[in-house]
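Peer 1: One structure follows; several queries about it will come next.
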Amino acid sequence: MTKTSAALGRIQPSATLAMSARVTALKAAGVDVIGLSAGEPDFDTPDFVKEAGIAAIRSGQTKYTDVDGTAALKDAVALKFKRDNGLIYERGQISVNSGGKHTLFNALVATVEAGDEVIIPAPYWVSYPDIVNFAGGTPVFIEGPAAQGYKITPAQLDAAITPRTKWVMLNSPSNPSGAAYSADELKALGEVLLRHPHVLVMTDDMYEHVWYAPSPFATIAQVCPDLYERTLTVNGCSKAFSMTGWRIGFAGGPQWIIKAMAKLQSQSTSNPCSISQAAAAAALTGDQEFLEERNAAFRKRRDMVVAMLNDAPGLSCPTPEGAFYVYPDASGVIGKTTPKGVKIDSDEALIGYFLDEAKVAAVHGAAFGLSPAFRISYATSDELLKKACTRIQEACAALK
């Protein structure tokens with residue numbers, strides 16, 4: 001009898017990827033389903049980035065590279081951090097990986113041991129706790145409810161820190177809620193962390209350029225320089241540059257963590273794709289003006305989706321400050337019954353009802369650690385979003 005490892009037994013399949021696979025299967029079967037579960041921009045990779053990848057192929061850049069990134073890409077990442085965040089990193093402080101998830105995985109698996117605690121604000125991206133569990137650590141959750149704008153407070157953070165705390169993970173703008181911490185809010189959290197010098201800080205800034213708040217984007221090592229030496233600043237090309245399939249993530253941080261990540265990567269994936277690295281270098285150093293145009297399109301979609309979901313009976317949808325997700329509170333529909341007599345007793349039951357009856361795919365809030373709610377990605381066309389939200393309105397109105 002075969003048996004998988006204990007580490008594998010500590011994790012669950014990704015709920016977001018599972019729903020995306022289900023949508024693909026339904027579409028293949030001819031079902032008119034609208035998939036709003038995937039966190040993937042519908043915009044194409046910019047042409048100048050594609051051309052850089054093509055040029056890399058034609059010039060023979062198809063061999064192994066340094067394990068954690070080419071010098072050219074590390075220099076491009078350093079330029080990005082300095083230009084956008086005012087952070088200075090040398091090559092030895094930069095890690096390049098096969099996507100942002102790989103960056104997070106490397107950092108946690110390389111540093112977390114049994115007994116270590118990792119503080120994760122909820123709602124959270126589905127992979128955070130599973131990676132901690134895989135590494136043998138213990139996720140410690142702090143709930144940031146809708147009433148707090150889906151953010152945690154300094155008092156909550158202070159209360160959650162123990163002598164066993166290894167990391168605090170921050171994600172702004174957030175997947176799944178779109179909540180974004182201002183510079184002042186980050187400073188307040190930073191003041192707490194300064195009182196606990198044994199705690200490392202990991203900030204996931206993947207949605208940095210999908211930003212709607214009136215104040216500029218800020219990251220914690222930028223506004224709290226005293227935390228620089230124990231902060232890993234994670235980012236990547238997937239969202240801003242529509243390069244999800246190219247699989248390039250990166251981080252800047254303490255050299256000892258970067259070296260540990262490279263050691264792990266040397267025995268797992270080795271280097272990220274050489275072609276993708278060349279394209280990513282072009283993305284980070286090239287013209288950034290297109291980001292504003294795409295941001296404007298996302299903002300327009302956000303406003304339409306928020307308005308339409310707030311018109312759905314029983315739903316309450318806060319207005320996100322970044323990313324391309326909404327996270328409606330579904331408290332008003334829990335306990336109701338569908339036209340077929342099925343009781344909606346959880347947010348998982350609700351999104352099952354949406355999928356079966358409204359033919360709209362979303363992801364249930366329990367997967368993100370805060371219920372009752374659900375996540376919708378509005379990174380698709382205005383037409384499909386309007387149709388999907390209309391279907392959700394009708395489905396909610398049919399509940400009794």
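Just remember, in the structure tokens the first chain shown is A, the second B, etc., residues are 1-based per chain, and ligands are 1-based in the order shown.
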Using only C-alpha atoms, which residues sit within 7 Å of Val210 (chain A) once same-chain residues fewer than 3 positions away are excluded, as a list in words?

Peer 2: Tyr207, Ala240, Asn295, Gly322 and Ala323 of chain A

Peer 1: Could you list, as a list in words, every residue within 6 Å of Ala183 (chain A), counting only C-alpha atoms and ignoring same-chain residues fewer than 2 positions away?

Peer 2: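 Residues near the query, excluding close chain neighbours: Glu185, Leu186 and Ala218 of chain A.
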
Peer 1: Which of these, A:Pro145, A:Gly249, A:Gly39, A:Pro328, has the shortest distance to Ala379 (chain A) once you count only C-alpha atoms?

Peer 2: A:Gly39

Peer 1: Of the candidates A:Ala330, A:Val360, A:Leu170, A:Leu8, which one gets nearest to Leu26 (chain A) if we count only C-alpha atoms?

Peer 2: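 Distance minimum relative to Leu26 (chain A) lands on A:Val360.
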
Peer 1: Just want the 12 Å neighbourhood of Ile88 (chain A), counted on only C-alpha atoms, with same-chain residues fewer than 2 positions away dropped. Output as a ChimeraX atom specification.

Peer 2: /A:75,77-86,90-94,221-222,225,228-229,233,252-254

Peer 1: Once you have the residues from the selection above, write them out as a CSV table (one decimal), in the first residue's frame, restricted to N, CA and C atoms.

Peer 2:
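The resulting file, out-v2.csv, is reproduced below:
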chain,number,residue,atom,x,y,z
A,75,ASP,N,19.2,43.0,-11.7
A,75,ASP,CA,19.4,44.4,-11.8
A,75,ASP,C,18.1,45.1,-12.2
A,77,VAL,N,15.1,44.0,-11.3
A,77,VAL,CA,14.3,44.0,-10.0
A,77,VAL,C,14.8,45.1,-9.1
A,78,ALA,N,16.1,45.2,-9.0
A,78,ALA,CA,16.7,46.3,-8.1
A,78,ALA,C,16.2,47.7,-8.6
A,79,LEU,N,16.2,47.9,-9.9
A,79,LEU,CA,15.7,49.1,-10.4
A,79,LEU,C,14.3,49.4,-10.1
A,80,LYS,N,13.5,48.3,-10.2
A,80,LYS,CA,12.0,48.4,-9.9
A,80,LYS,C,11.8,48.8,-8.4
A,81,PHE,N,12.5,48.1,-7.5
A,81,PHE,CA,12.4,48.4,-6.1
A,81,PHE,C,12.8,49.8,-5.8
A,82,LYS,N,13.9,50.3,-6.4
A,82,LYS,CA,14.3,51.7,-6.1
A,82,LYS,C,13.3,52.7,-6.7
A,83,ARG,N,12.9,52.5,-8.0
A,83,ARG,CA,12.0,53.4,-8.7
A,83,ARG,C,10.6,53.5,-8.0
A,84,ASP,N,10.1,52.3,-7.7
A,84,ASP,CA,8.7,52.3,-7.2
A,84,ASP,C,8.5,52.3,-5.7
A,85,ASN,N,9.6,51.9,-5.0
A,85,ASN,CA,9.4,51.7,-3.5
A,85,ASN,C,10.5,52.4,-2.7
A,86,GLY,N,11.5,53.0,-3.4
A,86,GLY,CA,12.5,53.7,-2.6
A,86,GLY,C,13.4,52.7,-1.8
A,90,GLU,N,20.9,45.0,-3.3
A,90,GLU,CA,22.0,44.5,-4.2
A,90,GLU,C,21.6,43.2,-4.8
A,91,ARG,N,22.4,42.7,-5.8
A,91,ARG,CA,22.0,41.4,-6.4
A,91,ARG,C,21.9,40.3,-5.3
A,92,GLY,N,22.8,40.3,-4.4
A,92,GLY,CA,22.8,39.2,-3.3
A,92,GLY,C,21.6,39.3,-2.4
A,93,GLN,N,20.8,40.4,-2.5
A,93,GLN,CA,19.6,40.5,-1.7
A,93,GLN,C,18.3,40.3,-2.5
A,94,ILE,N,18.5,39.7,-3.7
A,94,ILE,CA,17.3,39.5,-4.6
A,94,ILE,C,17.2,38.0,-5.0
A,221,ALA,N,8.7,48.0,4.4
A,221,ALA,CA,10.1,48.3,4.6
A,221,ALA,C,10.4,49.8,4.1
A,222,GLN,N,9.5,50.3,3.3
A,222,GLN,CA,9.7,51.7,2.8
A,222,GLN,C,9.3,52.7,3.9
A,225,PRO,N,11.8,52.1,7.9
A,225,PRO,CA,13.2,51.7,7.5
A,225,PRO,C,13.8,50.8,8.6
A,228,TYR,N,13.8,47.1,7.7
A,228,TYR,CA,14.4,46.7,6.5
A,228,TYR,C,15.1,45.4,6.6
A,229,GLU,N,15.9,45.3,7.6
A,229,GLU,CA,16.8,44.1,7.8
A,229,GLU,C,16.1,42.8,8.1
A,233,THR,N,10.4,41.6,0.9
A,233,THR,CA,9.4,42.3,0.1
A,233,THR,C,9.2,41.5,-1.2
A,252,GLY,N,13.0,40.9,-2.5
A,252,GLY,CA,14.2,41.6,-2.0
A,252,GLY,C,14.2,41.5,-0.5
A,253,GLY,N,15.4,41.2,0.1
A,253,GLY,CA,15.4,41.1,1.6
A,253,GLY,C,16.8,40.7,2.1
A,254,PRO,N,16.8,40.3,3.4
A,254,PRO,CA,18.1,40.0,4.0
A,254,PRO,C,18.9,38.9,3.2

Peer 1: Going by DSSP on the backbone, which residues of region 304-376 of chain A come out as helix (DSSP H, G or I)? List them as an MDAnalysis selection string.

Peer 2: chainID A and resid 304:310 347:358 365:368

Peer 1: Could you jot down the CA of Arg195 (chain A) to CA of Asp158 (chain A) separation for me, Å, one decimal place?

Peer 2: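 We find that CA of Arg195 (chain A) and CA of Asp158 (chain A) lie 9.0 Å from each other.
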
Peer 1: May I have the residues within 8 Å of region 12-24 of chain A as a ChimeraX atom specification, using only C-alpha atoms and disregarding those fewer than 4 positions away in the same chain?

Peer 2: /A:28,33-35,37-38,126-127,130,361-363,367

Peer 1: Using C-alpha atoms, can you write the selected residues to a file as a tab-separated table (two decimals), in the first residue's frame?

Peer 2:
chain	number	residue	atom	x	y	z
A	28	ALA	CA	-15.94	22.06	-22.41
A	33	VAL	CA	-20.88	29.41	-17.26
A	34	ILE	CA	-19.19	32.71	-16.42
A	35	GLY	CA	-15.94	32.10	-14.57
A	37	SER	CA	-12.89	32.56	-9.84
A	38	ALA	CA	-9.45	32.98	-11.41
A	126	VAL	CA	-5.65	30.48	0.01
A	127	SER	CA	-2.02	29.30	-0.29
A	130	ASP	CA	-1.05	25.60	3.41
A	361	ALA	CA	-18.35	30.68	-10.64
A	362	ALA	CA	-16.97	32.37	-7.54
A	363	VAL	CA	-14.88	31.13	-4.59
A	367	ALA	CA	-11.32	29.12	1.60

Peer 1: Between A:Glu383, A:Asp287, A:Glu191, A:Glu113, single out the one closest to Asp47 (chain A), counting only C-alpha atoms.

Peer 2: A:Asp287

Peer 1: Taking only C-alpha atoms into account, which of A:Leu108, A:Cys317, A:Val234, A:Ile161 comes nearest Gly332 (chain A)?

Peer 2: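 Under the stated criterion, the closest residue is A:Cys317.
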
Peer 1: If you count only C-alpha atoms, which residues fall within 6 Å of Ala52 (chain A), apart from same-chain ones fewer than 3 positions away, as a list in words?

Peer 2: Val49, Ala55 and Ala279 of chain A

Peer 1: What lies within 9 Å of Leu157 (chain A) using only C-alpha atoms, ignoring chain neighbours under 2 positions off, as number ranges by chain?

Peer 2: A: 119, 121, 142, 152-155, 159-161, 168, 189, 192-193

Peer 1: By how many Å are CA of Ala135 (chain A) and CA of Gly69 (chain A) apart?

Peer 2: 23.6 Å

Peer 1: Between A:Phe250, A:Tyr181, A:Tyr124, A:Tyr150, which has the minimum distance to Phe105 (chain A) (counting only C-alpha atoms)?

Peer 2: A:Phe250

Peer 1: Taking only C-alpha atoms into account, which of A:Gly100, A:Gly149, A:Asn310, A:Ala297 comes nearest Thr203 (chain A)?

Peer 2: A:Gly100

Peer 1: What gap, in Å, lies between CA of Lys387 (chain A) and CA of Pro339 (chain A)?

Peer 2: 20.8 Å

Peer 1: Residues near Arg391 (chain A), anyone? I mean within 10 Å using only C-alpha atoms, not counting same-chain ones fewer than 4 positions away, as a list in words.

Peer 2: Ile34, Ala312, Phe354, Glu357, Ala358, Lys359, Val360, Leu385, Lys386, Lys387, Ala395, Cys396 and Ala397 of chain A

Peer 1: Store the residues picked out above, limited to C-alpha atoms, as a compact mmCIF listing (two decimals), in the first residue's frame.

Peer 2:
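Result saved to selection_12.txt:
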# COMPACT_ATOMS: atom_id res chain seq x y z
CA ILE A 34 -19.19 32.71 -16.42
CA ALA A 312 -28.44 42.03 -4.83
CA PHE A 354 -24.57 30.37 -7.94
CA GLU A 357 -28.44 27.81 -10.95
CA ALA A 358 -26.94 31.13 -12.06
CA LYS A 359 -23.99 29.59 -13.94
CA VAL A 360 -21.55 31.97 -12.25
CA LEU A 385 -19.30 41.12 -15.54
CA LYS A 386 -22.65 42.82 -16.10
CA LYS A 387 -24.22 39.52 -17.16
CA ALA A 395 -30.33 34.23 -7.83
CA CYS A 396 -30.32 36.18 -4.57
CA ALA A 397 -33.81 37.55 -5.24
